[in-house]
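final.cif (mmCIF, C-alpha atoms)
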data_coords
loop_
_atom_site.label_atom_id
_atom_site.label_comp_id
_atom_site.auth_asym_id
_atom_site.auth_seq_id
_atom_site.Cartn_x
_atom_site.Cartn_y
_atom_site.Cartn_z
CA MET W 130 0.00 0.00 0.00
CA VAL W 131 2.80 2.42 0.89
CA ILE W 132 4.71 1.67 -2.29
CA LYS W 133 1.94 3.12 -4.46
CA ARG W 134 2.45 6.57 -2.91
CA ILE W 135 6.18 6.64 -3.62
CA THR W 136 7.07 8.49 -6.80
CA GLY W 137 10.15 9.90 -8.58
CA ILE W 138 13.20 10.52 -6.45
CA ASN W 139 11.64 8.92 -3.36
CA ARG W 140 11.42 5.55 -5.14
CA LEU W 141 15.15 5.80 -5.97
CA VAL W 142 15.96 6.44 -2.32
CA VAL W 143 13.98 3.38 -1.24
CA ILE W 144 15.74 1.23 -3.84
CA ASN W 145 19.15 2.50 -2.72
CA LYS W 146 18.32 1.79 0.92
CA ASN W 147 17.29 -1.74 -0.01
CA MET W 148 20.46 -2.13 -2.03
CA TYR W 149 22.64 -0.95 0.88
CA PHE W 150 20.82 -3.33 3.22
CA GLY W 151 21.30 -6.22 0.78
CA MET W 152 24.98 -5.43 0.35
CA ALA W 153 25.44 -5.17 4.11
CA VAL W 154 23.81 -8.58 4.60
CA LEU W 155 25.99 -10.02 1.83
CA LEU W 156 29.17 -8.57 3.37
CA VAL W 157 28.28 -9.89 6.82
CA ALA W 158 27.53 -13.32 5.32
CA LEU W 159 30.84 -13.29 3.44
CA ALA W 160 32.72 -12.22 6.57
CA LEU W 161 31.06 -14.93 8.65
CA SER W 162 31.73 -17.59 6.02
CA GLY W 163 35.44 -16.76 6.33
CA CYS W 164 35.33 -17.66 10.02
CA GLY W 165 34.65 -21.03 11.61
CA VAL W 166 35.30 -24.53 10.46
CA SER W 167 33.84 -26.08 7.30
CA ASN W 168 32.47 -29.56 7.73
CA VAL W 169 33.24 -32.03 4.93
CA VAL W 170 31.54 -35.44 5.07
CA ILE W 171 33.28 -37.85 2.69
CA GLU W 172 30.79 -39.45 0.33
CA GLY W 173 31.44 -41.82 -2.53
CA SER W 174 30.49 -45.11 -4.08
CA PHE W 175 32.81 -48.09 -3.92
CA PRO W 176 32.67 -50.97 -6.40
CA THR W 177 32.87 -54.61 -5.39
CA PRO W 178 36.33 -56.08 -6.10
CA ASN W 179 36.68 -58.78 -8.76
CA ILE W 180 38.88 -61.20 -6.86
CA ASN W 181 38.80 -64.84 -5.84
CA LYS W 182 37.16 -65.41 -2.46
CA ILE W 183 39.05 -66.93 0.46
CA PRO W 184 36.96 -69.72 2.02
CA VAL W 185 36.79 -68.36 5.57
CA THR W 186 34.19 -66.67 7.78
CA VAL W 187 35.28 -63.28 9.07
CA ALA W 188 33.66 -60.95 11.59
CA VAL W 189 34.43 -57.27 11.20
CA TYR W 190 34.53 -55.04 14.24
CA TYR W 191 34.40 -51.26 13.85
CA ASP W 192 35.39 -49.59 17.10
CA ASP W 193 34.16 -46.14 18.12
CA ALA W 194 37.38 -44.54 16.86
CA ILE W 195 36.80 -45.62 13.25
CA ARG W 196 33.01 -45.17 13.39
CA GLY W 197 33.34 -41.51 14.30
CA PHE W 198 36.69 -40.78 12.67
CA SER W 199 37.21 -37.15 11.71
CA TYR W 200 40.30 -35.13 10.87
CA LEU W 201 40.73 -31.44 11.63
CA GLU W 202 42.78 -29.38 9.19
CA TYR W 203 44.19 -26.10 10.50
CA SER W 204 44.93 -22.96 8.50
CA GLU W 205 48.42 -21.47 8.36
CA THR W 206 47.39 -19.08 11.16
CA GLY W 207 46.43 -22.02 13.36
CA GLN W 208 42.67 -21.67 13.04
CA GLU W 209 40.40 -24.66 12.47
CA GLU W 210 39.67 -24.75 8.76
CA PHE W 211 38.14 -28.10 7.69
CA ASN W 212 36.63 -30.90 9.72
CA ILE W 213 36.73 -34.00 7.51
CA GLU W 214 34.41 -36.81 8.60
CA SER W 215 35.26 -40.13 6.97
CA GLY W 216 34.21 -42.78 9.53
CA GLN W 217 30.97 -43.67 7.74
CA SER W 218 32.64 -43.85 4.30
CA HIS W 219 35.36 -46.15 5.71
CA MET W 220 32.70 -48.54 7.00
CA GLU W 221 30.85 -48.42 3.66
CA LEU W 222 34.11 -49.22 1.88
CA PHE W 223 34.93 -52.23 4.05
CA ASN W 224 31.31 -53.41 3.81
CA ALA W 225 31.68 -53.40 0.01
CA VAL W 226 35.15 -54.98 -0.10
CA LEU W 227 35.10 -57.69 2.59
CA PRO W 228 32.14 -59.75 1.23
CA ALA W 229 34.04 -60.02 -2.08
CA MET W 230 37.16 -61.25 -0.28
CA PHE W 231 35.71 -63.84 2.10
CA ASP W 232 33.01 -66.53 1.91
CA ARG W 233 31.02 -65.04 4.80
CA VAL W 234 31.31 -61.70 6.56
CA ILE W 235 29.37 -60.47 9.57
CA VAL W 236 29.57 -57.16 11.40
CA VAL W 237 29.81 -57.53 15.18
CA ASP W 238 29.56 -55.05 18.03
CA ASN W 239 31.98 -56.91 20.29
CA LEU W 240 34.25 -59.97 20.44
CA GLU W 241 31.65 -62.01 22.37
CA ASP W 242 29.32 -61.84 19.36
CA ALA W 243 32.15 -63.02 17.10
CA ARG W 244 32.80 -65.98 19.42
CA ALA W 245 29.10 -66.86 19.45
CA GLU W 246 29.01 -66.84 15.64
CA GLY W 247 31.99 -69.22 15.47
CA VAL W 248 33.94 -67.15 12.95
CA ASP W 249 37.45 -68.03 11.77
CA ALA W 250 38.81 -64.54 12.45
CA VAL W 251 37.90 -61.03 13.52
CA PHE W 252 39.05 -58.12 11.39
CA ALA W 253 39.44 -54.81 13.21
CA PRO W 254 40.75 -51.92 11.10
CA ALA W 255 42.08 -48.73 12.70
CA ILE W 256 43.06 -45.37 11.21
CA GLU W 257 46.44 -44.28 12.55
CA GLU W 258 47.02 -41.10 10.59
CA PHE W 259 45.25 -38.84 8.12
CA GLN W 260 47.01 -36.13 6.12
CA LEU W 261 45.64 -33.56 3.74
CA ALA W 262 47.47 -31.31 1.26
CA LEU W 263 45.54 -28.38 -0.15
CA PRO W 264 46.60 -26.52 -3.34
CA ALA W 265 46.52 -23.20 -1.45
CA LYS W 266 49.30 -24.49 0.82
CA THR W 267 51.35 -26.73 -1.47
CA LYS W 268 51.06 -24.46 -4.55
CA LEU W 269 50.45 -27.61 -6.61
CA ASP W 270 47.36 -28.04 -8.78
CA VAL W 271 46.18 -31.11 -6.90
CA TYR W 272 44.32 -31.99 -3.70
CA GLU W 273 46.04 -34.89 -1.92
CA VAL W 274 45.01 -37.23 0.88
CA TRP W 275 47.19 -39.80 2.69
CA ILE W 276 45.77 -42.28 5.18
CA LYS W 277 47.73 -44.72 7.33
CA TYR W 278 45.94 -47.77 8.71
CA ASN W 279 46.66 -50.48 11.21
CA MET W 280 44.96 -53.65 10.02
CA ARG W 281 44.40 -56.15 12.81
CA LEU W 282 43.32 -59.76 12.42
CA LEU W 283 42.39 -61.66 15.58
CA THR W 284 41.01 -65.06 16.44
CA ALA W 285 37.42 -65.24 17.74
CA GLU W 286 38.99 -65.52 21.23
CA GLY W 287 40.80 -62.23 20.70
CA ASP W 288 44.29 -63.68 20.15
CA TYR W 289 46.67 -62.13 17.66
CA ILE W 290 46.84 -63.47 14.10
CA ALA W 291 48.31 -60.54 12.17
CA ASP W 292 48.80 -56.82 12.51
CA TRP W 293 50.10 -54.80 9.59
CA ILE W 294 50.38 -51.21 8.37
CA LEU W 295 48.78 -50.12 5.11
CA THR W 296 48.90 -46.68 3.55
CA SER W 297 46.64 -45.24 0.89
CA TYR W 298 46.95 -42.16 -1.28
CA GLY W 299 44.55 -40.20 -3.42
CA LYS W 300 44.82 -37.07 -5.48
CA THR W 301 42.58 -35.05 -7.73
CA PRO W 302 43.38 -32.02 -9.90
CA THR W 303 42.05 -28.54 -9.20
CA GLU W 304 39.31 -27.37 -11.53
CA THR W 305 37.89 -23.92 -12.20
CA PHE W 306 34.45 -24.36 -10.67
CA ARG W 307 35.29 -27.05 -8.11
CA SER W 308 34.94 -26.07 -4.44
CA VAL W 309 37.62 -26.96 -1.88
CA ALA W 310 35.16 -29.33 -0.15
CA ASP W 311 34.54 -31.17 -3.43
CA GLY W 312 38.29 -31.38 -4.08
CA ILE W 313 38.91 -32.86 -0.61
CA ASN W 314 36.03 -35.33 -1.05
CA GLU W 315 37.25 -36.46 -4.47
CA ALA W 316 40.85 -36.96 -3.26
CA ALA W 317 39.61 -38.88 -0.18
CA VAL W 318 37.43 -41.16 -2.33
CA VAL W 319 40.45 -41.92 -4.56
CA ALA W 320 42.45 -42.70 -1.40
CA LEU W 321 39.70 -45.02 -0.15
CA ARG W 322 39.63 -46.84 -3.49
CA ASP W 323 43.42 -47.15 -3.25
CA LEU W 324 43.00 -48.68 0.21
CA ALA W 325 40.44 -51.16 -1.12
CA SER W 326 42.65 -52.20 -4.03
CA SER W 327 45.87 -52.61 -2.04
CA PHE W 328 44.08 -54.31 0.90
CA SER W 329 42.20 -56.81 -1.25
CA LEU W 330 45.22 -57.66 -3.42
CA SER W 331 47.85 -57.79 -0.66
CA PHE W 332 45.83 -59.51 2.10
CA GLY W 333 46.99 -63.04 1.28
CA GLN W 334 50.60 -61.89 0.90
CA VAL W 335 51.02 -60.60 4.47
CA PRO W 336 53.36 -63.28 5.99
CA GLU W 337 51.30 -63.86 9.17
CA VAL W 338 48.06 -64.00 7.19
CA ARG W 339 49.61 -66.43 4.70
CA ASP W 340 50.73 -68.68 7.57
CA TRP W 341 47.27 -68.51 9.16
CA LEU W 342 45.54 -69.40 5.87
CA SER W 343 47.95 -72.33 5.40
CA SER W 344 47.17 -73.57 8.92
CA LEU W 345 43.43 -73.53 8.12
CA GLN W 346 43.94 -75.63 5.00
CA SER W 347 46.16 -78.23 6.70
CA MET F 299 38.66 -6.00 -50.86
CA LYS F 300 35.07 -5.96 -49.83
CA SER F 301 35.82 -7.62 -46.52
CA TYR F 302 38.62 -5.10 -45.82
CA LEU F 303 36.28 -2.15 -46.36
CA THR F 304 33.68 -3.73 -44.13
CA THR F 305 36.27 -4.22 -41.41
CA ALA F 306 37.72 -0.72 -41.82
CA ARG F 307 34.33 0.86 -41.21
CA LEU F 308 34.12 -0.71 -37.76
CA LYS F 309 34.95 1.49 -34.79
CA PRO F 310 38.40 0.80 -33.21
CA PRO F 311 37.08 -1.28 -30.24
CA GLY F 312 34.97 -3.40 -32.59
CA PHE F 313 37.91 -3.93 -34.91
CA LEU F 314 40.13 -4.81 -31.96
CA ILE F 315 37.61 -7.36 -30.67
CA LEU F 316 37.25 -8.91 -34.14
CA LEU F 317 41.03 -9.10 -34.46
CA LEU F 318 41.32 -10.71 -31.03
CA ILE F 319 38.65 -13.29 -31.89
CA ILE F 320 40.55 -14.15 -35.09
CA VAL F 321 43.85 -14.44 -33.23
CA ALA F 322 42.25 -16.37 -30.36
CA SER F 323 40.84 -18.93 -32.75
CA CYS F 324 44.34 -19.63 -34.08
CA THR F 325 45.25 -22.81 -32.28
CA THR F 326 48.09 -24.82 -33.74
CA THR F 327 47.73 -28.59 -33.44
CA THR F 328 50.36 -31.14 -34.44
CA VAL F 329 49.54 -34.83 -34.56
CA ASP F 330 52.24 -37.53 -34.88
CA GLU F 331 51.56 -41.20 -35.48
CA PHE F 332 53.97 -44.07 -34.93
CA ARG F 333 52.63 -47.42 -36.11
CA GLN F 334 54.19 -50.62 -34.75
CA GLY F 335 51.67 -53.21 -35.91
CA GLU F 336 48.63 -54.00 -38.04
CA THR F 337 45.24 -52.92 -36.71
CA GLY F 338 41.59 -53.53 -37.48
CA ILE F 339 38.41 -54.08 -35.48
CA GLU F 340 35.31 -56.25 -35.90
CA SER F 341 31.78 -55.00 -35.26
CA ASP F 342 31.44 -57.06 -32.04
CA GLU F 343 34.73 -55.76 -30.62
CA SER F 344 35.23 -52.60 -28.61
CA VAL F 345 37.91 -50.21 -27.38
CA VAL F 346 38.42 -48.71 -23.95
CA VAL F 347 40.14 -45.35 -23.55
CA LEU F 348 41.85 -44.94 -20.17
CA GLY F 349 43.75 -42.06 -18.58
CA ARG F 350 47.17 -42.52 -16.99
CA ARG F 351 47.22 -41.29 -13.38
CA GLN F 352 50.60 -42.49 -12.12
CA ALA F 353 52.49 -39.17 -12.35
CA SER F 354 53.09 -37.36 -9.08
CA ASP F 355 52.53 -33.79 -10.30
CA TYR F 356 49.61 -34.18 -12.72
CA GLU F 357 46.99 -36.62 -13.88
CA THR F 358 45.20 -37.06 -17.18
CA ARG F 359 41.80 -35.42 -16.73
CA SER F 360 38.84 -37.77 -16.99
CA GLU F 361 36.96 -35.10 -19.00
CA PHE F 362 39.62 -35.29 -21.73
CA VAL F 363 39.46 -39.10 -21.74
CA GLU F 364 35.67 -38.91 -22.02
CA CYS F 365 35.93 -36.38 -24.86
CA VAL F 366 38.25 -38.63 -26.90
CA GLY F 367 36.03 -41.68 -26.28
CA LYS F 368 32.82 -39.90 -27.28
CA ARG F 369 34.37 -38.54 -30.46
CA MET F 370 35.69 -41.96 -31.46
CA ALA F 371 32.21 -43.41 -30.98
CA ARG F 372 30.52 -41.14 -33.56
CA GLY F 373 30.77 -40.22 -37.23
CA ASP F 374 32.23 -42.25 -40.09
CA GLY F 375 34.00 -45.40 -38.93
CA ALA F 376 32.55 -45.06 -35.41
CA ILE F 377 33.98 -47.52 -32.90
CA SER F 378 32.24 -49.11 -29.91
CA ILE F 379 33.81 -47.43 -26.87
CA VAL F 380 33.48 -48.68 -23.29
CA PRO F 381 33.26 -45.67 -20.91
CA GLU F 382 36.33 -45.33 -18.68
CA ARG F 383 34.48 -45.20 -15.34
CA GLN F 384 32.31 -48.22 -16.22
CA PHE F 385 35.38 -50.25 -17.23
CA ILE F 386 37.48 -49.29 -14.17
CA ASP F 387 34.61 -50.02 -11.76
CA ALA F 388 33.88 -53.36 -13.42
CA MET F 389 37.59 -54.28 -13.31
CA PHE F 390 38.10 -53.05 -9.75
CA PRO F 391 40.75 -53.30 -8.23
CA TRP F 392 42.94 -54.14 -11.23
CA PHE F 393 42.97 -50.81 -13.10
CA GLU F 394 43.40 -48.37 -10.20
CA PRO F 395 46.28 -45.82 -10.37
CA ARG F 396 48.53 -48.09 -8.26
CA THR F 397 47.56 -51.42 -9.82
CA ALA F 398 46.99 -50.64 -13.52
CA PRO F 399 49.40 -52.38 -15.94
CA LEU F 400 52.19 -50.07 -17.10
CA ARG F 401 53.52 -52.36 -19.85
CA THR F 402 51.96 -54.93 -22.16
CA ARG F 403 53.88 -57.62 -20.24
CA ASP F 404 51.97 -56.56 -17.10
CA LEU F 405 48.69 -56.87 -19.02
CA GLU F 406 49.64 -60.39 -20.08
CA GLN F 407 50.26 -61.32 -16.43
CA LEU F 408 47.00 -59.66 -15.42
CA MET F 409 45.00 -61.65 -17.98
CA VAL F 410 46.11 -64.85 -16.21
CA GLU F 411 43.53 -63.90 -13.53
CA ASP F 412 40.26 -65.58 -14.52
CA VAL F 413 38.11 -62.69 -13.25
CA VAL F 414 40.03 -60.16 -15.36
CA ALA F 415 40.02 -62.27 -18.54
CA ARG F 416 36.29 -62.97 -18.15
CA LYS F 417 35.40 -59.28 -17.70
CA MET F 418 37.61 -58.28 -20.63
CA ASP F 419 35.81 -60.88 -22.74
CA GLU F 420 32.38 -59.66 -21.58
CA PHE F 421 33.23 -56.13 -22.73
CA GLY F 422 34.70 -57.47 -25.99
CA ILE F 423 37.80 -55.33 -25.55
CA ARG F 424 40.16 -55.55 -28.54
CA TYR F 425 42.27 -52.46 -27.87
CA ILE F 426 43.18 -50.46 -24.77
CA VAL F 427 44.10 -46.84 -25.49
CA TRP F 428 46.17 -45.23 -22.72
CA LEU F 429 46.00 -41.44 -22.73
CA ASP F 430 48.70 -39.54 -20.90
CA GLY F 431 49.08 -35.78 -20.83
CA VAL F 432 48.09 -32.43 -19.46
CA THR F 433 47.19 -28.92 -20.53
CA GLU F 434 49.57 -26.30 -19.15
CA THR F 435 49.13 -22.55 -18.97
CA ARG F 436 52.22 -20.37 -19.34
CA ASP F 437 53.43 -16.88 -20.31
CA ARG F 438 50.71 -15.09 -18.37
CA ALA F 439 50.83 -11.32 -18.86
CA GLY F 440 48.73 -8.21 -18.33
CA SER F 441 46.58 -6.96 -15.50
CA LEU F 442 42.89 -6.63 -14.83
CA SER F 443 41.30 -4.37 -12.23
CA CYS F 444 37.69 -4.59 -11.17
CA ALA F 445 35.78 -2.25 -8.87
CA ILE F 446 32.34 -2.57 -7.31
CA ALA F 447 30.34 0.45 -6.19
CA PRO F 448 26.70 0.84 -5.07
CA GLY F 449 25.78 1.85 -8.62
CA GLY F 450 27.42 -1.22 -10.22
CA GLY F 451 30.84 -2.55 -11.15
CA ALA F 452 33.37 -2.36 -13.95
CA CYS F 453 36.63 -3.96 -15.02
CA PHE F 454 39.50 -2.45 -17.01
CA GLY F 455 42.70 -3.91 -18.39
CA GLY F 456 43.58 -7.08 -20.19
CA LEU F 457 45.12 -10.51 -19.65
CA THR F 458 46.83 -12.87 -22.03
CA TRP F 459 48.21 -16.36 -21.64
CA GLU F 460 49.28 -19.36 -23.68
CA ASP F 461 47.81 -22.83 -23.27
CA ASP F 462 49.69 -25.94 -24.36
CA ALA F 463 47.87 -29.29 -24.46
CA ASN F 464 50.24 -32.21 -24.91
CA PHE F 465 48.75 -35.70 -24.99
CA THR F 466 50.03 -39.12 -26.01
CA ALA F 467 47.85 -42.12 -26.82
CA MET F 468 49.39 -45.58 -26.64
CA VAL F 469 47.36 -48.35 -28.27
CA TRP F 470 47.61 -51.88 -26.83
CA ASP F 471 46.29 -54.91 -28.68
CA VAL F 472 44.63 -57.12 -26.06
CA GLY F 473 44.75 -60.12 -28.42
CA SER F 474 48.52 -60.11 -28.94
CA PHE F 475 49.56 -58.23 -25.73
CA SER F 476 51.61 -55.77 -27.76
CA THR F 477 51.80 -52.05 -28.41
CA VAL F 478 50.54 -51.47 -31.95
CA GLY F 479 51.09 -47.74 -32.09
CA THR F 480 51.53 -44.37 -30.42
CA ILE F 481 49.81 -41.14 -31.43
CA SER F 482 50.64 -37.79 -29.93
CA ALA F 483 48.79 -34.48 -30.21
CA ASP F 484 50.27 -31.12 -29.27
CA ALA F 485 47.98 -28.08 -29.42
CA THR F 486 49.04 -24.55 -28.49
CA GLY F 487 47.03 -21.35 -28.53
CA GLN F 488 47.00 -17.81 -27.19
CA SER F 489 44.05 -16.65 -25.07
CA PHE F 490 43.04 -13.06 -24.33
CA MET F 491 40.72 -11.37 -21.87
CA PRO F 492 40.31 -7.65 -22.66
CA ALA F 493 38.10 -5.72 -20.25
CA ILE F 494 36.44 -2.42 -21.02
CA VAL F 495 33.74 -2.32 -18.32
CA VAL F 496 32.93 -6.00 -19.01
CA PRO F 497 35.68 -8.66 -19.35
CA ILE F 498 35.47 -10.51 -22.67
CA PRO F 499 37.15 -13.94 -22.49
CA LEU F 500 38.59 -15.03 -25.84
CA ILE F 501 39.77 -18.50 -24.99
CA ALA F 502 41.87 -20.65 -27.29
CA ARG F 503 40.25 -24.09 -27.23
CA VAL F 504 43.50 -26.04 -27.19
CA GLU F 505 42.27 -29.07 -25.24
CA ALA F 506 39.12 -29.35 -27.37
CA ASN F 507 41.26 -29.20 -30.53
CA ALA F 508 43.72 -31.78 -29.16
CA CYS F 509 40.77 -34.04 -28.29
CA GLN F 510 39.23 -33.69 -31.74
CA ARG F 511 42.42 -34.31 -33.71
CA LEU F 512 43.62 -37.14 -31.45
CA ALA F 513 40.24 -38.90 -31.53
CA ASP F 514 39.96 -38.64 -35.33
CA GLN F 515 43.47 -40.03 -35.75
CA LEU F 516 42.85 -42.82 -33.24
CA LYS F 517 39.65 -43.80 -35.02
CA GLN F 518 41.48 -44.12 -38.34
CA PHE F 519 44.35 -45.96 -36.67
CA VAL F 520 42.17 -48.54 -34.94
CA ASN F 521 40.13 -49.11 -38.10
CA GLY F 522 43.41 -49.79 -39.87
CA SER F 523 42.90 -47.12 -42.51
#
Conversion result in structure tokens:
Amino acid sequence: MVIKRITGINRLVVINKNMYFGMAVLLVALALSGCGVSNVVIEGSFPTPNINKIPVTVAVYYDDAIRGFSYLEYSETGQEEFNIESGQSHMELFNAVLPAMFDRVIVVDNLEDARAEGVDAVFAPAIEEFQLALPAKTKLDVYEVWIKYNMRLLTAEGDYIADWILTSYGKTPTETFRSVADGINEAAVVALRDLASSFSLSFGQVPEVRDWLSSLQS
Amino acid sequence: MKSYLTTARLKPPGFLILLLIIVASCTTTTVDEFRQGETGIESDESVVVLGRRQASDYETRSEFVECVGKRMARGDGAISIVPERQFIDAMFPWFEPRTAPLRTRDLEQLMVEDVVARKMDEFGIRYIVWLDGVTETRDRAGSLSCAIAPGGGACFGGLTWEDDANFTAMVWDVGSFSTVGTISADATGQSFMPAIVVPIPLIARVEANACQRLADQLKQFVNGS
């Protein structure tokens, strides 16, 4: 109703006031977006490996550390910059890879459940280290992710079978309209695929695992 | 003569823009082919084009690989192309950056695996084309200043740079486990971005040209013509 009465120069003033208000809101939003930590949840799809299955039953145990794994990247001034959550994607990856590697795979919440199921072994992966390299810091045109794992294989009673270190690496090039979060996600997904390929192909070559598999056959 | 007069009547900025468009469109592309064996493909056979991603400081962009594949799959002498992502996912984990065969001898060893040979047979793969390369930007010059005020914004100045797309395609014959040829494409072009109030990007399409020329040459090569 009020707008109808505004004419000529008055209308211009109203428009300019609105414009100033809009710009002020935009500036505040931009300033606020520069502060605080950006949350990046790693999401990707992982194919099933084409490998020969090992005839054993394995229980997989994800502890709280891997379920809720996140990595905090700090800026050069020491401020929290990116919080990268990859616990869920790690579980999705193992859930896609392990059934292709073993005859039967079950997910257990504790070792008692594994014992009750009468499995041959319990697999308990752990993330030891996560590293991120951003183009803004390295001055390279790639996003890079390194992850170091401790792969643990136990008997259903909780005794040691094997314990080995595995590292994975992923990189993705920078692109004009790609956000930093997308770059981090893409590099992390490549690293997770690298983990899946090296884990599935090298599992039977780990000396302790090889000995354990031989003992099952004899 | 007529075209000169038409051009001469244009105002200086218009003439400058036209000149820049002409110069920007001048991309030089050189294609080299090195044949090492006979080629040819049947209608029930297909080709997969894959990007090399082993280098530490760059990786062959999947968009370029897709461009070459799509162009090989259309027009005269079109070839059946298996999309890169579909092939790599189906072959997982054998064609990942760390596990992919680097030499034909590695491919021969890989084909000993039943699962790999069966998948390769399902796709009907006759040739694997490995693309390796990158587009680099160099010789950047000029400056561009932009200002925003309540009444609007404007940019003044100009930028120029040179793009160089250098790609090599190595063709493996899956039947004989041998390299049957190598084709390389090198495209260079100068890009400009003059700005008089509004920036006008005049981009040399070097990667698109490299894709087009490389794909056309690969298509002929695989068809054995």
*asked:* At a cut-off of 10 Å, using only C-alpha atoms, what residues contact Ser482 (chain F)? Leave out same-chain residues fewer than 3 positions from it and give the result as a ChimeraX atom specification.
replied: /F:328-332,429-431,464-468,508,511-512,515-516
Selection from above, C-alpha atoms, as a JSON list (two decimals), in the coordinates of the input, can you write it?
[["chain", "number", "residue", "atom", "x", "y", "z"],
["F", 328, "THR", "CA", 50.36, -31.14, -34.44],
["F", 329, "VAL", "CA", 49.54, -34.83, -34.56],
["F", 330, "ASP", "CA", 52.24, -37.53, -34.88],
["F", 331, "GLU", "CA", 51.56, -41.20, -35.48],
["F", 332, "PHE", "CA", 53.97, -44.07, -34.93],
["F", 429, "LEU", "CA", 46.00, -41.44, -22.73],
["F", 430, "ASP", "CA", 48.70, -39.54, -20.90],
["F", 431, "GLY", "CA", 49.08, -35.78, -20.83],
["F", 464, "ASN", "CA", 50.24, -32.21, -24.91],
["F", 465, "PHE", "CA", 48.75, -35.70, -24.99],
["F", 466, "THR", "CA", 50.03, -39.12, -26.01],
["F", 467, "ALA", "CA", 47.85, -42.12, -26.82],
["F", 468, "MET", "CA", 49.39, -45.58, -26.64],
["F", 508, "ALA", "CA", 43.72, -31.78, -29.16],
["F", 511, "ARG", "CA", 42.42, -34.31, -33.71],
["F", 512, "LEU", "CA", 43.62, -37.14, -31.45],
["F", 515, "GLN", "CA", 43.47, -40.03, -35.75],
["F", 516, "LEU", "CA", 42.85, -42.82, -33.24]]
Within 10 Å of region 252-273 of chain W, which residues of region 302-323 of chain W show up? Give each one with its shortest atom-to-atom distance in Å (one decimal) and the two atoms involved, counting all atoms listed in the file, rows by chain then rising residue number, as a Markdown table.
| residue | atom | partner | partner_atom | distance |
| --- | --- | --- | --- | --- |
| W:Pro302 | CA | W:Val271 | CA | 4.2 |
| W:Thr303 | CA | W:Asp270 | CA | 5.4 |
| W:Glu304 | CA | W:Asp270 | CA | 8.5 |
| W:Val309 | CA | W:Leu263 | CA | 8.2 |
| W:Asp311 | CA | W:Tyr272 | CA | 9.8 |
| W:Gly312 | CA | W:Tyr272 | CA | 6.1 |
| W:Ile313 | CA | W:Tyr272 | CA | 6.3 |
| W:Asn314 | CA | W:Tyr272 | CA | 9.3 |
| W:Glu315 | CA | W:Tyr272 | CA | 8.4 |
| W:Ala316 | CA | W:Glu273 | CA | 5.7 |
| W:Ala317 | CA | W:Glu273 | CA | 7.8 |
| W:Val319 | CA | W:Glu273 | CA | 9.4 |
| W:Ala320 | CA | W:Glu273 | CA | 8.6 |
_With 9 Å as the limit and counting only C-alpha atoms, what residues in chain W lie close to chain F? Please list them as a list in words._
Asn145, Met148, Tyr149, Met152, Phe175, Pro176, Thr177, Pro178, Asn179, Ile180, Asn181, Leu269, Asp270, Val271, Lys300, Thr301, Pro302, Arg322, Asp323, Ala325, Ser326, Ser327, Ser329 and Leu330 of chain W
Using the selection just defined, write its residues with C-alpha atoms as a PDB file, keeping the file's coordinate frame.
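Done, and the output landed in part_32.pdb:
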ATOM      1  CA  ASN W 145      19.150   2.500  -2.720  1.00  0.00           C
ATOM      2  CA  MET W 148      20.460  -2.130  -2.030  1.00  0.00           C
ATOM      3  CA  TYR W 149      22.640  -0.950   0.880  1.00  0.00           C
ATOM      4  CA  MET W 152      24.980  -5.430   0.350  1.00  0.00           C
ATOM      5  CA  PHE W 175      32.810 -48.090  -3.920  1.00  0.00           C
ATOM      6  CA  PRO W 176      32.670 -50.970  -6.400  1.00  0.00           C
ATOM      7  CA  THR W 177      32.870 -54.610  -5.390  1.00  0.00           C
ATOM      8  CA  PRO W 178      36.330 -56.080  -6.100  1.00  0.00           C
ATOM      9  CA  ASN W 179      36.680 -58.780  -8.760  1.00  0.00           C
ATOM     10  CA  ILE W 180      38.880 -61.200  -6.860  1.00  0.00           C
ATOM     11  CA  ASN W 181      38.800 -64.840  -5.840  1.00  0.00           C
ATOM     12  CA  LEU W 269      50.450 -27.610  -6.610  1.00  0.00           C
ATOM     13  CA  ASP W 270      47.360 -28.040  -8.780  1.00  0.00           C
ATOM     14  CA  VAL W 271      46.180 -31.110  -6.900  1.00  0.00           C
ATOM     15  CA  LYS W 300      44.820 -37.070  -5.480  1.00  0.00           C
ATOM     16  CA  THR W 301      42.580 -35.050  -7.730  1.00  0.00           C
ATOM     17  CA  PRO W 302      43.380 -32.020  -9.900  1.00  0.00           C
ATOM     18  CA  ARG W 322      39.630 -46.840  -3.490  1.00  0.00           C
ATOM     19  CA  ASP W 323      43.420 -47.150  -3.250  1.00  0.00           C
ATOM     20  CA  ALA W 325      40.440 -51.160  -1.120  1.00  0.00           C
ATOM     21  CA  SER W 326      42.650 -52.200  -4.030  1.00  0.00           C
ATOM     22  CA  SER W 327      45.870 -52.610  -2.040  1.00  0.00           C
ATOM     23  CA  SER W 329      42.200 -56.810  -1.250  1.00  0.00           C
ATOM     24  CA  LEU W 330      45.220 -57.660  -3.420  1.00  0.00           C
TER      25      LEU W 330
END
_Counting all atoms listed in the file, which residue out of W:Gly173, W:Gly216, W:Gly247, W:Pro336 sits closest to Val185 (chain W)?_
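Among the listed residues, W:Gly247 lies closest to Val185 (chain W).
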Give me, as a compact mmCIF listing (two decimals) with C-alpha atoms, in the coordinates of the input, all polymer residues having an atom no more than 12 Å from Ser523 (chain F), counting only C-alpha atoms and skipping those fewer than 6 positions away in the same chain.
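What ended up in result-v9.txt:
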# COMPACT_ATOMS: atom_id res chain seq x y z
CA ARG F 333 52.63 -47.42 -36.11
CA GLU F 336 48.63 -54.00 -38.04
CA THR F 337 45.24 -52.92 -36.71
CA GLY F 338 41.59 -53.53 -37.48
CA ILE F 339 38.41 -54.08 -35.48
CA ASP F 374 32.23 -42.25 -40.09
CA GLY F 375 34.00 -45.40 -38.93
CA ASP F 514 39.96 -38.64 -35.33
CA GLN F 515 43.47 -40.03 -35.75
CA LEU F 516 42.85 -42.82 -33.24
CA LYS F 517 39.65 -43.80 -35.02
